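*Asks:* Contents of data_3.tsv (TSV, C-alpha atoms) are below:
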```
chain	number	residue	atom	x	y	z
A	4	MET	CA	57.67	1.12	-50.68
A	5	ALA	CA	55.17	3.76	-51.79
A	6	GLN	CA	55.78	7.37	-50.81
A	7	LEU	CA	53.33	9.58	-48.97
A	8	HIS	CA	50.87	11.42	-51.17
A	9	THR	CA	50.07	15.04	-50.32
A	10	SER	CA	46.89	15.89	-52.18
A	11	PRO	CA	46.49	19.01	-54.33
A	12	GLU	CA	42.73	18.72	-53.69
A	13	PHE	CA	43.04	19.98	-50.10
A	14	GLU	CA	42.48	23.69	-50.71
A	15	ALA	CA	39.50	23.15	-53.04
A	16	LEU	CA	37.79	20.75	-50.63
A	17	SER	CA	38.43	23.14	-47.74
A	18	ALA	CA	36.67	25.90	-49.68
A	19	ARG	CA	33.69	23.65	-50.43
A	20	LEU	CA	33.44	22.66	-46.77
A	21	ASP	CA	33.48	26.34	-45.81
A	22	ASP	CA	30.61	26.88	-48.25
A	23	ILE	CA	28.43	24.23	-46.58
A	24	ALA	CA	29.42	25.13	-43.00
A	25	PRO	CA	26.43	27.51	-42.53
A	26	LEU	CA	24.06	24.68	-43.50
A	27	LEU	CA	25.70	22.30	-41.01
A	28	GLN	CA	25.32	24.92	-38.28
A	29	GLU	CA	21.72	25.77	-39.19
A	30	GLN	CA	20.69	22.10	-39.28
A	31	ALA	CA	22.55	20.99	-36.12
A	32	ALA	CA	19.53	21.21	-33.79
A	33	ALA	CA	17.30	19.43	-36.30
A	34	SER	CA	19.91	16.68	-36.68
A	35	GLU	CA	19.96	16.23	-32.91
A	36	GLU	CA	16.20	15.88	-32.83
A	37	LEU	CA	16.32	13.26	-35.59
A	38	GLY	CA	19.19	11.36	-33.99
A	39	ARG	CA	21.05	11.48	-37.31
A	40	LEU	CA	22.25	14.07	-39.77
A	41	THR	CA	19.43	15.63	-41.74
A	42	ASP	CA	19.04	14.65	-45.38
A	43	GLU	CA	20.20	18.14	-46.38
A	44	VAL	CA	23.43	17.85	-44.37
A	45	ALA	CA	24.09	14.33	-45.62
A	46	ALA	CA	23.60	15.47	-49.22
A	47	ALA	CA	25.87	18.48	-48.70
A	48	LEU	CA	28.70	16.33	-47.33
A	49	TRP	CA	28.31	13.88	-50.22
A	50	GLY	CA	28.18	16.68	-52.75
A	51	SER	CA	31.32	18.34	-51.40
A	52	GLY	CA	33.41	15.27	-52.16
A	53	ALA	CA	34.45	15.06	-48.51
A	54	PHE	CA	34.17	11.28	-48.39
A	55	LEU	CA	36.97	11.01	-50.93
A	56	THR	CA	39.38	12.33	-48.28
A	57	SER	CA	40.98	8.99	-47.37
A	58	ILE	CA	40.15	6.85	-50.42
A	59	PRO	CA	43.33	5.92	-52.34
A	60	ARG	CA	44.12	8.10	-55.32
A	61	GLU	CA	44.34	5.08	-57.63
A	62	LEU	CA	40.71	4.28	-56.78
A	63	GLY	CA	39.54	7.82	-57.49
A	64	GLY	CA	39.96	9.33	-54.02
A	65	TYR	CA	41.96	12.29	-52.74
A	66	GLU	CA	44.27	10.29	-50.43
A	67	PHE	CA	45.04	13.20	-48.13
A	68	ALA	CA	48.20	13.16	-46.02
A	69	PRO	CA	47.70	12.88	-42.23
A	70	ARG	CA	47.95	16.60	-41.46
A	71	GLN	CA	45.53	17.35	-44.30
A	72	ILE	CA	43.08	14.86	-42.76
A	73	ILE	CA	43.46	16.46	-39.32
A	74	ASP	CA	42.64	19.90	-40.69
A	75	THR	CA	39.73	18.59	-42.81
A	76	VAL	CA	38.10	16.79	-39.88
A	77	ALA	CA	38.66	19.85	-37.68
A	78	ARG	CA	36.95	22.06	-40.26
A	79	VAL	CA	33.78	19.95	-40.30
A	80	ALA	CA	33.80	19.48	-36.53
A	81	TYR	CA	34.08	23.25	-36.06
A	82	ALA	CA	30.83	23.73	-37.98
A	83	ASP	CA	29.01	20.96	-36.09
A	84	ALA	CA	30.62	18.47	-33.72
A	85	SER	CA	28.17	15.68	-34.56
A	86	ALA	CA	28.56	16.18	-38.30
A	87	GLY	CA	32.31	16.16	-37.75
A	88	TRP	CA	32.08	12.88	-35.85
A	89	VAL	CA	29.98	11.24	-38.55
A	90	PHE	CA	32.28	12.52	-41.28
A	91	MET	CA	35.49	11.43	-39.59
A	92	ALA	CA	34.17	7.93	-38.93
A	93	LEU	CA	32.70	7.30	-42.37
A	94	GLN	CA	35.65	8.66	-44.33
A	95	MET	CA	38.18	6.73	-42.23
A	96	LEU	CA	36.42	3.36	-42.42
A	97	THR	CA	35.76	3.86	-46.11
A	98	GLY	CA	39.34	4.89	-46.86
A	99	THR	CA	41.01	2.14	-44.87
A	100	THR	CA	38.71	-0.48	-46.40
A	101	ALA	CA	39.75	0.76	-49.85
A	102	GLY	CA	43.42	0.75	-48.93
A	103	LEU	CA	43.61	-2.59	-47.12
A	104	LEU	CA	41.35	-4.89	-49.17
A	105	GLY	CA	42.54	-6.43	-52.42
A	106	PRO	CA	41.62	-5.81	-56.06
A	107	ALA	CA	38.46	-7.95	-56.16
A	108	ALA	CA	36.84	-6.10	-53.27
A	109	ALA	CA	38.03	-2.73	-54.55
A	110	ALA	CA	36.49	-3.33	-57.97
A	111	GLU	CA	33.14	-4.13	-56.37
A	112	LEU	CA	33.12	-1.44	-53.66
A	113	PHE	CA	34.90	1.44	-55.43
A	114	PRO	CA	34.02	1.21	-59.13
A	115	ASP	CA	34.14	4.98	-59.77
A	116	ALA	CA	34.79	6.84	-56.54
A	117	ARG	CA	35.58	10.20	-58.13
A	118	ASN	CA	32.06	10.31	-59.57
A	119	GLY	CA	30.38	9.21	-56.35
A	120	ARG	CA	30.11	5.50	-57.12
A	121	HIS	CA	31.64	3.96	-54.02
A	122	ALA	CA	30.60	2.24	-50.82
A	123	LEU	CA	30.38	4.18	-47.58
A	124	PHE	CA	31.28	2.26	-44.42
A	125	ALA	CA	30.08	2.58	-40.82
A	126	GLY	CA	30.73	0.25	-37.91
A	127	GLN	CA	33.43	-0.34	-35.34
A	128	GLY	CA	36.47	-2.47	-34.74
A	129	THR	CA	37.17	-2.44	-31.01
A	130	LYS	CA	34.58	-4.97	-29.76
A	131	MET	CA	35.03	-8.44	-31.17
A	132	GLY	CA	32.36	-10.66	-32.65
A	133	ASP	CA	32.86	-14.35	-33.39
A	134	ALA	CA	34.17	-15.75	-36.67
A	135	VAL	CA	34.20	-19.36	-37.80
A	136	ARG	CA	36.48	-20.39	-40.64
A	137	VAL	CA	34.67	-21.96	-43.63
A	138	ASP	CA	35.62	-22.65	-47.21
A	139	GLY	CA	36.42	-19.33	-48.92
A	140	GLY	CA	35.91	-17.08	-45.92
A	141	HIS	CA	34.32	-16.83	-42.47
A	142	ARG	CA	30.86	-16.92	-40.98
A	143	ILE	CA	30.53	-14.12	-38.45
A	144	SER	CA	28.16	-13.43	-35.57
A	145	GLY	CA	28.07	-10.74	-32.93
A	146	HIS	CA	26.54	-7.64	-31.39
A	147	TRP	CA	28.45	-4.40	-31.80
A	148	HIS	CA	28.01	-0.82	-30.58
A	149	PHE	CA	28.66	2.63	-32.05
A	150	ALA	CA	27.94	2.42	-35.77
A	151	SER	CA	28.45	6.18	-36.09
A	152	GLY	CA	26.95	7.58	-39.29
A	153	VAL	CA	25.19	4.36	-40.19
A	154	SER	CA	22.17	6.31	-41.45
A	155	MET	CA	24.36	7.35	-44.41
A	156	ALA	CA	26.22	4.06	-44.90
A	157	SER	CA	25.85	1.40	-47.56
A	158	HIS	CA	28.18	-1.11	-45.87
A	159	ILE	CA	29.41	-2.26	-42.47
A	160	HIS	CA	33.00	-2.55	-41.28
A	161	THR	CA	33.15	-4.77	-38.20
A	162	SER	CA	35.57	-6.88	-36.20
A	163	ALA	CA	35.46	-10.51	-35.17
A	164	ARG	CA	37.93	-13.06	-33.84
A	165	CYS	CA	38.45	-16.41	-35.52
A	166	ALA	CA	37.64	-19.21	-33.08
A	167	GLU	CA	40.16	-21.59	-34.62
A	168	THR	CA	43.21	-19.33	-34.77
A	169	GLY	CA	42.48	-16.48	-32.36
A	170	GLU	CA	43.27	-13.99	-35.13
A	171	ALA	CA	41.20	-10.80	-35.25
A	172	PHE	CA	39.85	-9.58	-38.58
A	173	ILE	CA	37.94	-6.65	-40.00
A	174	PHE	CA	35.04	-7.76	-42.18
A	175	ALA	CA	33.33	-5.68	-44.87
A	176	LEU	CA	29.74	-6.57	-45.66
A	177	PRO	CA	26.59	-4.95	-47.07
A	178	LEU	CA	24.45	-3.04	-44.59
A	179	GLU	CA	21.42	-5.24	-45.29
A	180	GLN	CA	23.26	-8.25	-43.83
A	181	VAL	CA	23.13	-6.81	-40.31
A	182	THR	CA	20.20	-5.83	-38.09
A	183	LEU	CA	20.21	-2.26	-36.75
A	184	ILE	CA	19.03	-1.45	-33.22
A	185	ASP	CA	17.62	2.04	-32.73
A	186	ASN	CA	19.01	2.60	-29.21
A	187	TRP	CA	21.02	5.86	-29.39
A	188	ASP	CA	19.78	7.73	-26.28
A	189	VAL	CA	22.72	9.73	-25.01
A	190	LEU	CA	23.95	13.00	-23.53
A	191	GLY	CA	26.04	14.18	-26.48
A	192	LEU	CA	26.73	13.35	-30.12
A	193	ARG	CA	23.01	12.69	-30.43
A	194	ALA	CA	22.97	13.39	-34.16
A	195	THR	CA	25.55	10.71	-35.01
A	196	ALA	CA	23.20	7.67	-35.14
A	197	SER	CA	25.87	5.67	-33.30
A	198	ILE	CA	23.47	2.79	-32.79
A	199	ASP	CA	24.07	-0.93	-32.15
A	200	TYR	CA	23.90	-3.64	-34.78
A	201	PHE	CA	24.11	-7.42	-34.86
A	202	CYS	CA	24.29	-10.34	-37.24
A	203	GLU	CA	24.08	-14.11	-36.94
A	204	ASP	CA	26.09	-16.59	-39.03
A	205	VAL	CA	26.72	-14.26	-42.00
A	206	PHE	CA	29.23	-15.41	-44.62
A	207	VAL	CA	31.98	-12.95	-45.57
A	208	PRO	CA	34.45	-14.04	-48.29
A	209	ASP	CA	38.19	-13.78	-47.75
A	210	THR	CA	38.29	-11.02	-50.38
A	211	HIS	CA	36.32	-8.82	-47.96
A	212	SER	CA	38.37	-9.18	-44.80
A	213	HIS	CA	41.82	-8.21	-43.53
A	214	GLY	CA	43.78	-8.61	-40.32
A	215	ILE	CA	42.80	-5.99	-37.77
A	216	ALA	CA	46.40	-4.88	-37.14
A	217	THR	CA	47.63	-5.13	-40.72
A	218	THR	CA	49.84	-2.47	-42.26
A	219	ASP	CA	49.97	-4.28	-45.60
A	220	ALA	CA	48.39	-1.73	-47.93
A	221	ARG	CA	46.92	-3.19	-51.12
A	222	HIS	CA	46.09	0.17	-52.70
A	223	GLY	CA	47.34	3.71	-52.30
A	224	GLY	CA	50.52	5.15	-50.87
A	225	ALA	CA	52.23	5.29	-47.51
A	226	LEU	CA	49.19	6.58	-45.61
A	227	TYR	CA	47.67	3.11	-45.37
A	228	ARG	CA	50.79	1.64	-43.78
A	229	VAL	CA	49.97	3.39	-40.51
A	230	GLY	CA	47.21	0.86	-39.78
A	231	LEU	CA	43.74	1.32	-38.34
A	232	LEU	CA	44.64	2.54	-34.87
A	233	ASN	CA	46.98	5.26	-36.09
A	234	MET	CA	44.35	6.34	-38.62
A	235	ALA	CA	41.96	6.65	-35.68
A	236	CYS	CA	44.54	8.84	-33.92
A	237	ILE	CA	44.62	11.14	-36.94
A	238	ILE	CA	40.88	11.67	-37.21
A	239	HIS	CA	40.12	11.94	-33.48
A	240	THR	CA	42.91	14.49	-33.12
A	241	GLY	CA	41.27	16.60	-35.81
A	242	TRP	CA	37.85	16.29	-34.20
A	243	ALA	CA	39.09	17.36	-30.76
A	244	LEU	CA	40.94	20.37	-32.16
A	245	GLY	CA	37.94	21.52	-34.21
A	246	VAL	CA	35.51	21.21	-31.30
A	247	GLY	CA	37.90	22.90	-28.86
A	248	ARG	CA	38.39	25.82	-31.24
A	249	ARG	CA	34.65	26.27	-31.73
A	250	LEU	CA	34.00	26.29	-27.98
A	251	LEU	CA	36.68	28.90	-27.40
A	252	ASP	CA	35.30	31.04	-30.23
A	253	GLU	CA	31.79	30.69	-28.81
A	254	LEU	CA	33.09	31.96	-25.47
A	255	ARG	CA	34.85	34.85	-27.17
A	256	GLU	CA	31.64	35.88	-28.91
A	257	LEU	CA	29.64	35.56	-25.69
A	258	ALA	CA	32.20	37.60	-23.75
A	259	ALA	CA	31.84	40.44	-26.24
A	260	LYS	CA	28.09	40.47	-25.60
A	261	LYS	CA	28.45	40.37	-21.81
A	262	SER	CA	31.26	42.89	-21.50
A	263	GLY	CA	30.26	46.25	-20.10
A	264	ALA	CA	27.16	45.01	-18.30
A	265	PRO	CA	27.00	45.67	-14.55
A	266	GLY	CA	28.92	42.98	-12.68
A	267	ALA	CA	30.00	41.17	-15.84
A	268	THR	CA	32.39	38.41	-14.82
A	269	VAL	CA	34.13	38.60	-18.19
A	270	ASP	CA	35.38	42.07	-17.24
A	271	THR	CA	37.74	40.64	-14.62
A	272	ASP	CA	41.42	39.75	-14.48
A	273	HIS	CA	40.39	36.21	-13.54
A	274	PHE	CA	38.52	35.76	-16.83
A	275	TYR	CA	41.32	37.28	-18.88
A	276	ALA	CA	43.87	34.89	-17.36
A	277	GLU	CA	41.73	31.78	-17.78
A	278	TYR	CA	40.84	32.64	-21.37
A	279	ALA	CA	44.55	33.09	-22.12
A	280	GLN	CA	45.35	29.73	-20.52
A	281	ALA	CA	42.66	27.99	-22.56
A	282	GLU	CA	43.95	29.60	-25.75
A	283	ALA	CA	47.50	28.51	-24.98
A	284	LYS	CA	46.46	24.97	-24.12
A	285	LEU	CA	44.53	24.50	-27.36
A	286	ARG	CA	47.18	26.09	-29.56
A	287	ALA	CA	49.90	24.03	-27.88
A	288	ALA	CA	47.91	20.83	-28.40
A	289	ARG	CA	47.48	21.58	-32.09
A	290	ALA	CA	51.11	22.59	-32.58
A	291	TRP	CA	52.42	19.44	-30.93
A	292	ALA	CA	50.00	17.15	-32.79
A	293	MET	CA	51.10	18.69	-36.09
A	294	GLU	CA	54.76	18.32	-35.08
A	295	VAL	CA	54.23	14.64	-34.28
A	296	TRP	CA	52.47	14.00	-37.58
A	297	ALA	CA	55.03	15.99	-39.56
A	298	GLY	CA	57.66	13.58	-38.24
A	299	ASN	CA	55.44	10.62	-39.02
A	300	GLU	CA	54.90	11.90	-42.55
A	301	ASP	CA	58.65	12.20	-43.08
A	302	ALA	CA	59.17	8.60	-41.97
A	303	LEU	CA	56.40	7.33	-44.23
A	304	ASP	CA	57.62	9.37	-47.19
A	305	ARG	CA	61.06	7.80	-46.84
A	306	GLY	CA	59.46	4.39	-47.22
A	307	GLY	CA	59.59	3.45	-43.56
A	308	MET	CA	57.07	2.37	-40.97
A	309	LEU	CA	56.25	4.28	-37.80
A	310	SER	CA	58.59	3.43	-34.95
A	311	THR	CA	57.29	2.47	-31.51
A	312	GLU	CA	58.20	5.95	-30.32
A	313	GLN	CA	56.25	7.55	-33.16
A	314	GLU	CA	53.22	5.34	-32.49
A	315	THR	CA	53.41	6.19	-28.81
A	316	LEU	CA	53.62	9.92	-29.47
A	317	SER	CA	50.72	9.70	-31.95
A	318	ARG	CA	48.52	8.18	-29.26
A	319	LEU	CA	49.75	10.64	-26.66
A	320	ALA	CA	49.18	13.62	-28.98
A	321	LEU	CA	45.59	12.46	-29.43
A	322	SER	CA	45.10	12.11	-25.70
A	323	ASN	CA	46.58	15.55	-25.17
A	324	ALA	CA	44.37	17.11	-27.87
A	325	THR	CA	41.25	15.46	-26.45
A	326	TRP	CA	41.82	16.48	-22.86
A	327	SER	CA	43.06	19.94	-23.82
A	328	ALA	CA	39.79	20.43	-25.69
A	329	HIS	CA	37.99	19.14	-22.61
A	330	ALA	CA	39.75	21.76	-20.48
A	331	VAL	CA	38.72	24.43	-22.98
A	332	GLY	CA	35.14	23.18	-22.72
A	333	GLN	CA	35.23	23.48	-18.94
A	334	THR	CA	36.49	27.04	-19.22
A	335	ALA	CA	33.82	27.94	-21.78
A	336	TYR	CA	31.04	26.48	-19.64
A	337	LYS	CA	32.32	28.12	-16.45
A	338	TRP	CA	32.48	31.63	-17.86
A	339	ALA	CA	29.34	31.32	-19.99
A	340	GLY	CA	27.29	31.29	-16.82
A	341	THR	CA	23.63	30.49	-17.32
A	342	ALA	CA	24.02	30.97	-21.09
A	343	GLY	CA	25.71	27.56	-21.12
A	344	LEU	CA	22.53	25.95	-19.82
A	345	ARG	CA	20.36	27.12	-22.65
A	346	SER	CA	19.73	25.50	-26.00
A	347	GLY	CA	22.26	26.62	-28.56
A	348	ALA	CA	25.67	25.99	-30.02
A	349	LEU	CA	27.67	26.33	-26.81
A	350	GLN	CA	25.51	23.84	-24.91
A	351	ARG	CA	25.45	21.40	-27.82
A	352	PHE	CA	29.22	21.52	-28.39
A	353	PHE	CA	29.81	21.12	-24.65
A	354	ARG	CA	27.68	17.97	-24.57
A	355	ASP	CA	29.18	16.59	-27.78
A	356	LEU	CA	32.69	17.18	-26.46
A	357	HIS	CA	31.98	15.23	-23.28
A	358	ALA	CA	30.63	12.33	-25.31
A	359	GLY	CA	33.71	12.38	-27.54
A	360	THR	CA	36.14	12.19	-24.62
A	361	GLN	CA	34.78	8.74	-23.78
A	362	HIS	CA	36.15	7.15	-26.95
A	363	VAL	CA	38.50	4.27	-26.20
A	364	THR	CA	41.41	5.85	-28.11
A	365	SER	CA	41.56	8.68	-25.55
A	366	GLY	CA	40.94	6.43	-22.56
A	367	PRO	CA	43.15	5.97	-19.50
A	368	LEU	CA	44.64	2.64	-20.59
A	369	VAL	CA	46.17	4.19	-23.71
A	370	LEU	CA	47.65	7.04	-21.64
A	371	GLN	CA	49.04	4.58	-19.09
A	372	ASN	CA	50.71	2.52	-21.81
A	373	CYS	CA	52.21	5.65	-23.36
A	374	GLY	CA	53.75	6.54	-20.00
A	375	LYS	CA	54.99	3.00	-19.49
A	376	TRP	CA	56.90	3.04	-22.77
A	377	LEU	CA	58.15	6.63	-22.54
A	378	SER	CA	59.44	6.11	-18.99
A	379	GLY	CA	61.60	3.24	-20.17
A	380	LEU	CA	59.69	0.58	-18.23
A	381	ALA	CA	58.60	-1.34	-21.34
A	382	PRO	CA	61.62	-1.00	-23.67
A	383	GLU	CA	60.61	-4.02	-25.75
A	384	GLY	CA	56.95	-3.03	-25.92
A	385	ARG	CA	55.24	-2.81	-29.30
A	386	TRP	CA	51.82	-1.47	-30.14
A	387	VAL	CA	49.36	-4.06	-31.38
A	388	PHE	CA	46.15	-2.22	-32.12
A	389	LEU	CA	45.05	-0.73	-28.74
A	390	ASP	CA	47.57	-2.59	-26.58
A	391	LEU	CA	51.23	-2.12	-25.79
A	392	GLN	CA	52.52	-5.69	-25.77
A	393	GLU	CA	55.83	-6.87	-24.40
A	394	GLN	CA	57.90	-8.73	-26.95
A	395	GLY	CA	59.27	-11.98	-25.57
```
As structure tokens, what does this structure read like?

*Replies:*
Amino acid sequence: MAQLHTSPEFEALSARLDDIAPLLQEQAAASEELGRLTDEVAAALWGSGAFLTSIPRELGGYEFAPRQIIDTVARVAYADASAGWVFMALQMLTGTTAGLLGPAAAAELFPDARNGRHALFAGQGTKMGDAVRVDGGHRISGHWHFASGVSMASHIHTSARCAETGEAFIFALPLEQVTLIDNWDVLGLRATASIDYFCEDVFVPDTHSHGIATTDARHGGALYRVGLLNMACIIHTGWALGVGRRLLDELRELAAKKSGAPGATVDTDHFYAEYAQAEAKLRAARAWAMEVWAGNEDALDRGGMLSTEQETLSRLALSNATWSAHAVGQTAYKWAGTAGLRSGALQRFFRDLHAGTQHVTSGPLVLQNCGKWLSGLAPEGRWVFLDLQEQG
């Protein structure tokens, strides 16, 4: 089996993302007002080559290793949480589509990725539409939520369950074959264009679909054997760590401005202790996530698959990163005082963080299933997409 690829492009892309970070920060409020990333931000992300992050190397992509992906997503999310969310979603769906579909689809969708000639996918795979088996493919119908980054996408990645077999698939289809619903009116992540979409009786050929839980990579190395859900763990871990770090740095900058003023709460032992706790919590979350994924990388590089324990810890590390970042956000908001109420980066990151915690991959059911397996009460349990299923 293919080994894990660790990309030499990581440092160069990181430098290019640092170069565009000021633009992402400057345009964040305008993106919120638009409900999508501004054209300037979208062009900067495209121009940086960031969307090559998870495309297989053989198709012209960078094919980053998991820890490289975590750090890349964190870097964009640090500059702007909404831009980070859009980036993580688009690059993951695009990369997994490239890795899991066969040669015919790859030739059509990724003709020259290194020079910018490739599809860009938005959509979601956790809510099922309906699929009917027909000659050469399926006809799909459904209404889905959360097409994050769809304003930049050329194609849709969406899930549906076959009525005849009960099997769940991911389908890849052109954006023009679905109808978009402009209904993104939310507290946080306003700039992500995570709108609804639907389609009715659209044909998708077999070449453009794969099983939702497949780990059978058709292109690229070991990365694509982790499957969709573990790829989601990678990117959401990076997003949480980037947003948590930015909130803590915003608080640090604000504390420097407040310090020395009469009655400044930041000049108290209580503040010092809580800041230290927040710093420790975030650093510990990052260190453990990287430890988990270092072990996963070793297993993949040896030609293996992730064990149930490794999949469990990957999900738990994501949950821990998400809720550690949430705790950091609470600390930042508490000690910011009325500054946290006002328009600006701290308020926006606080709102975006609270929207991000609601993603299903960090939800209570995943945490409960992690505890069930780790406590020894489901020794035969195996992860099938979002669920821990007992093996009979």

*Asks:* Hey, which bits of region 213-236 of chain A sit within 12 Å of region 127-151 of chain A, and for each residue what's the closest pair of atoms and how far apart in Å (one decimal), counting all atoms listed in the file, rows by chain and increasing number, as CSV?

*Replies:*
```
residue,atom,partner,partner_atom,distance
A:His213,CA,A:Gly140,CA,10.9
A:Gly214,CA,A:Gly128,CA,11.1
A:Ile215,CA,A:Gly128,CA,7.9
A:Ala216,CA,A:Gly128,CA,10.5
A:Leu231,CA,A:Gly128,CA,9.0
A:Leu232,CA,A:Gly128,CA,9.6
A:Ala235,CA,A:Gly128,CA,10.7
```

*Asks:* Take the residues from that selection and put them in a file with C-alpha atoms, as a PDB file, in the frame of the given file.

*Replies:*
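Resulting contents of selection-v8.pdb:
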```pdb
ATOM      1  CA  HIS A 213      41.820  -8.210 -43.530  1.00  0.00           C
ATOM      2  CA  GLY A 214      43.780  -8.610 -40.320  1.00  0.00           C
ATOM      3  CA  ILE A 215      42.800  -5.990 -37.770  1.00  0.00           C
ATOM      4  CA  ALA A 216      46.400  -4.880 -37.140  1.00  0.00           C
ATOM      5  CA  LEU A 231      43.740   1.320 -38.340  1.00  0.00           C
ATOM      6  CA  LEU A 232      44.640   2.540 -34.870  1.00  0.00           C
ATOM      7  CA  ALA A 235      41.960   6.650 -35.680  1.00  0.00           C
TER       8      ALA A 235
END
```

*Asks:* Would you mind telling me which residue in A:Glu312, A:Glu35, A:Glu256, A:Asp209 lies nearest to Asp355 (chain A) when using only C-alpha atoms?

*Replies:*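 Selected residue with least distance to Asp355 (chain A): A:Glu35.
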
*Asks:* Within 12 Å of (35.2, 15.7, -32.3) in the file's own coordinates, which protein, DNA or RNA residues have an atom, counting only C-alpha atoms? List them as a PyMOL selection string.

*Replies:* chain A and resi 73-92+191-192+195+235-250+321+324-326+328-329+352-362+365

*Asks:* Near Ala220 (chain A), within 10 Å and counting all atoms listed in the file, which residues show up once chain neighbours fewer than 2 positions away are dropped, as a list in words?

*Replies:*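 Listed by chain and then number, they are Ala5, Thr99, Thr100, Ala101, Gly102, Leu103, Leu104, Gly105, Thr217, Thr218, His222, Gly223, Gly224, Ala225, Leu226, Tyr227, Arg228, Val229 and Gly230 of chain A.
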
*Asks:* Taking all atoms listed in the file into account, which of A:Leu251, A:Ala109, A:Ile173, A:Ala166 comes nearest Gly126 (chain A)?

*Replies:*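 Nearest candidate to Gly126 (chain A) out of A:Leu251, A:Ala109, A:Ile173, A:Ala166: A:Ile173.
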
*Asks:* Which is closer to Asp185 (chain A) than all the others in A:Gly38, A:Gly266, A:Pro114, A:Pro367, using only C-alpha atoms?

*Replies:*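 The closest residue to Asp185 (chain A) is A:Gly38.
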
*Asks:* What gap, in Å, lies between CA of Arg305 (chain A) and CA of Leu7 (chain A)?

*Replies:*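 Going from CA of Arg305 (chain A) over to CA of Leu7 (chain A), I get 8.2 Å.
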
*Asks:* So that I can check the surroundings of Leu16 (chain A), please list as a PyMOL selection string every protein, DNA and RNA residue that reaches within 12 Å of it, counting only C-alpha atoms and ignoring chain neighbours fewer than 2 positions away.

*Replies:* chain A and resi 10-14+18-23+48-56+65+67+71-72+74-76+78-79

*Asks:* Take the residues just selected and output them with C-alpha atoms as a compact mmCIF listing (two decimals), in the frame of the given file.

*Replies:*
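Saved result, out-v4.txt, follows:
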```
# COMPACT_ATOMS: atom_id res chain seq x y z
CA SER A 10 46.89 15.89 -52.18
CA PRO A 11 46.49 19.01 -54.33
CA GLU A 12 42.73 18.72 -53.69
CA PHE A 13 43.04 19.98 -50.10
CA GLU A 14 42.48 23.69 -50.71
CA ALA A 18 36.67 25.90 -49.68
CA ARG A 19 33.69 23.65 -50.43
CA LEU A 20 33.44 22.66 -46.77
CA ASP A 21 33.48 26.34 -45.81
CA ASP A 22 30.61 26.88 -48.25
CA ILE A 23 28.43 24.23 -46.58
CA LEU A 48 28.70 16.33 -47.33
CA TRP A 49 28.31 13.88 -50.22
CA GLY A 50 28.18 16.68 -52.75
CA SER A 51 31.32 18.34 -51.40
CA GLY A 52 33.41 15.27 -52.16
CA ALA A 53 34.45 15.06 -48.51
CA PHE A 54 34.17 11.28 -48.39
CA LEU A 55 36.97 11.01 -50.93
CA THR A 56 39.38 12.33 -48.28
CA TYR A 65 41.96 12.29 -52.74
CA PHE A 67 45.04 13.20 -48.13
CA GLN A 71 45.53 17.35 -44.30
CA ILE A 72 43.08 14.86 -42.76
CA ASP A 74 42.64 19.90 -40.69
CA THR A 75 39.73 18.59 -42.81
CA VAL A 76 38.10 16.79 -39.88
CA ARG A 78 36.95 22.06 -40.26
CA VAL A 79 33.78 19.95 -40.30
```

*Asks:* Considering only C-alpha atoms, return as a PyMOL selection string whatever protein or nucleic-acid residues lie within 9 Å of Trp338 (chain A), sequence-local ones (same chain, fewer than 6 positions apart) excluded.

*Replies:* chain A and resi 254+258+268-269+274

*Asks:* Only C-alpha atoms, please: the residues just picked out, written as a PDB file, keeping the file's coordinate frame.

*Replies:*
```
ATOM      1  CA  LEU A 254      33.090  31.960 -25.470  1.00  0.00           C
ATOM      2  CA  ALA A 258      32.200  37.600 -23.750  1.00  0.00           C
ATOM      3  CA  THR A 268      32.390  38.410 -14.820  1.00  0.00           C
ATOM      4  CA  VAL A 269      34.130  38.600 -18.190  1.00  0.00           C
ATOM      5  CA  PHE A 274      38.520  35.760 -16.830  1.00  0.00           C
TER       6      PHE A 274
END
```
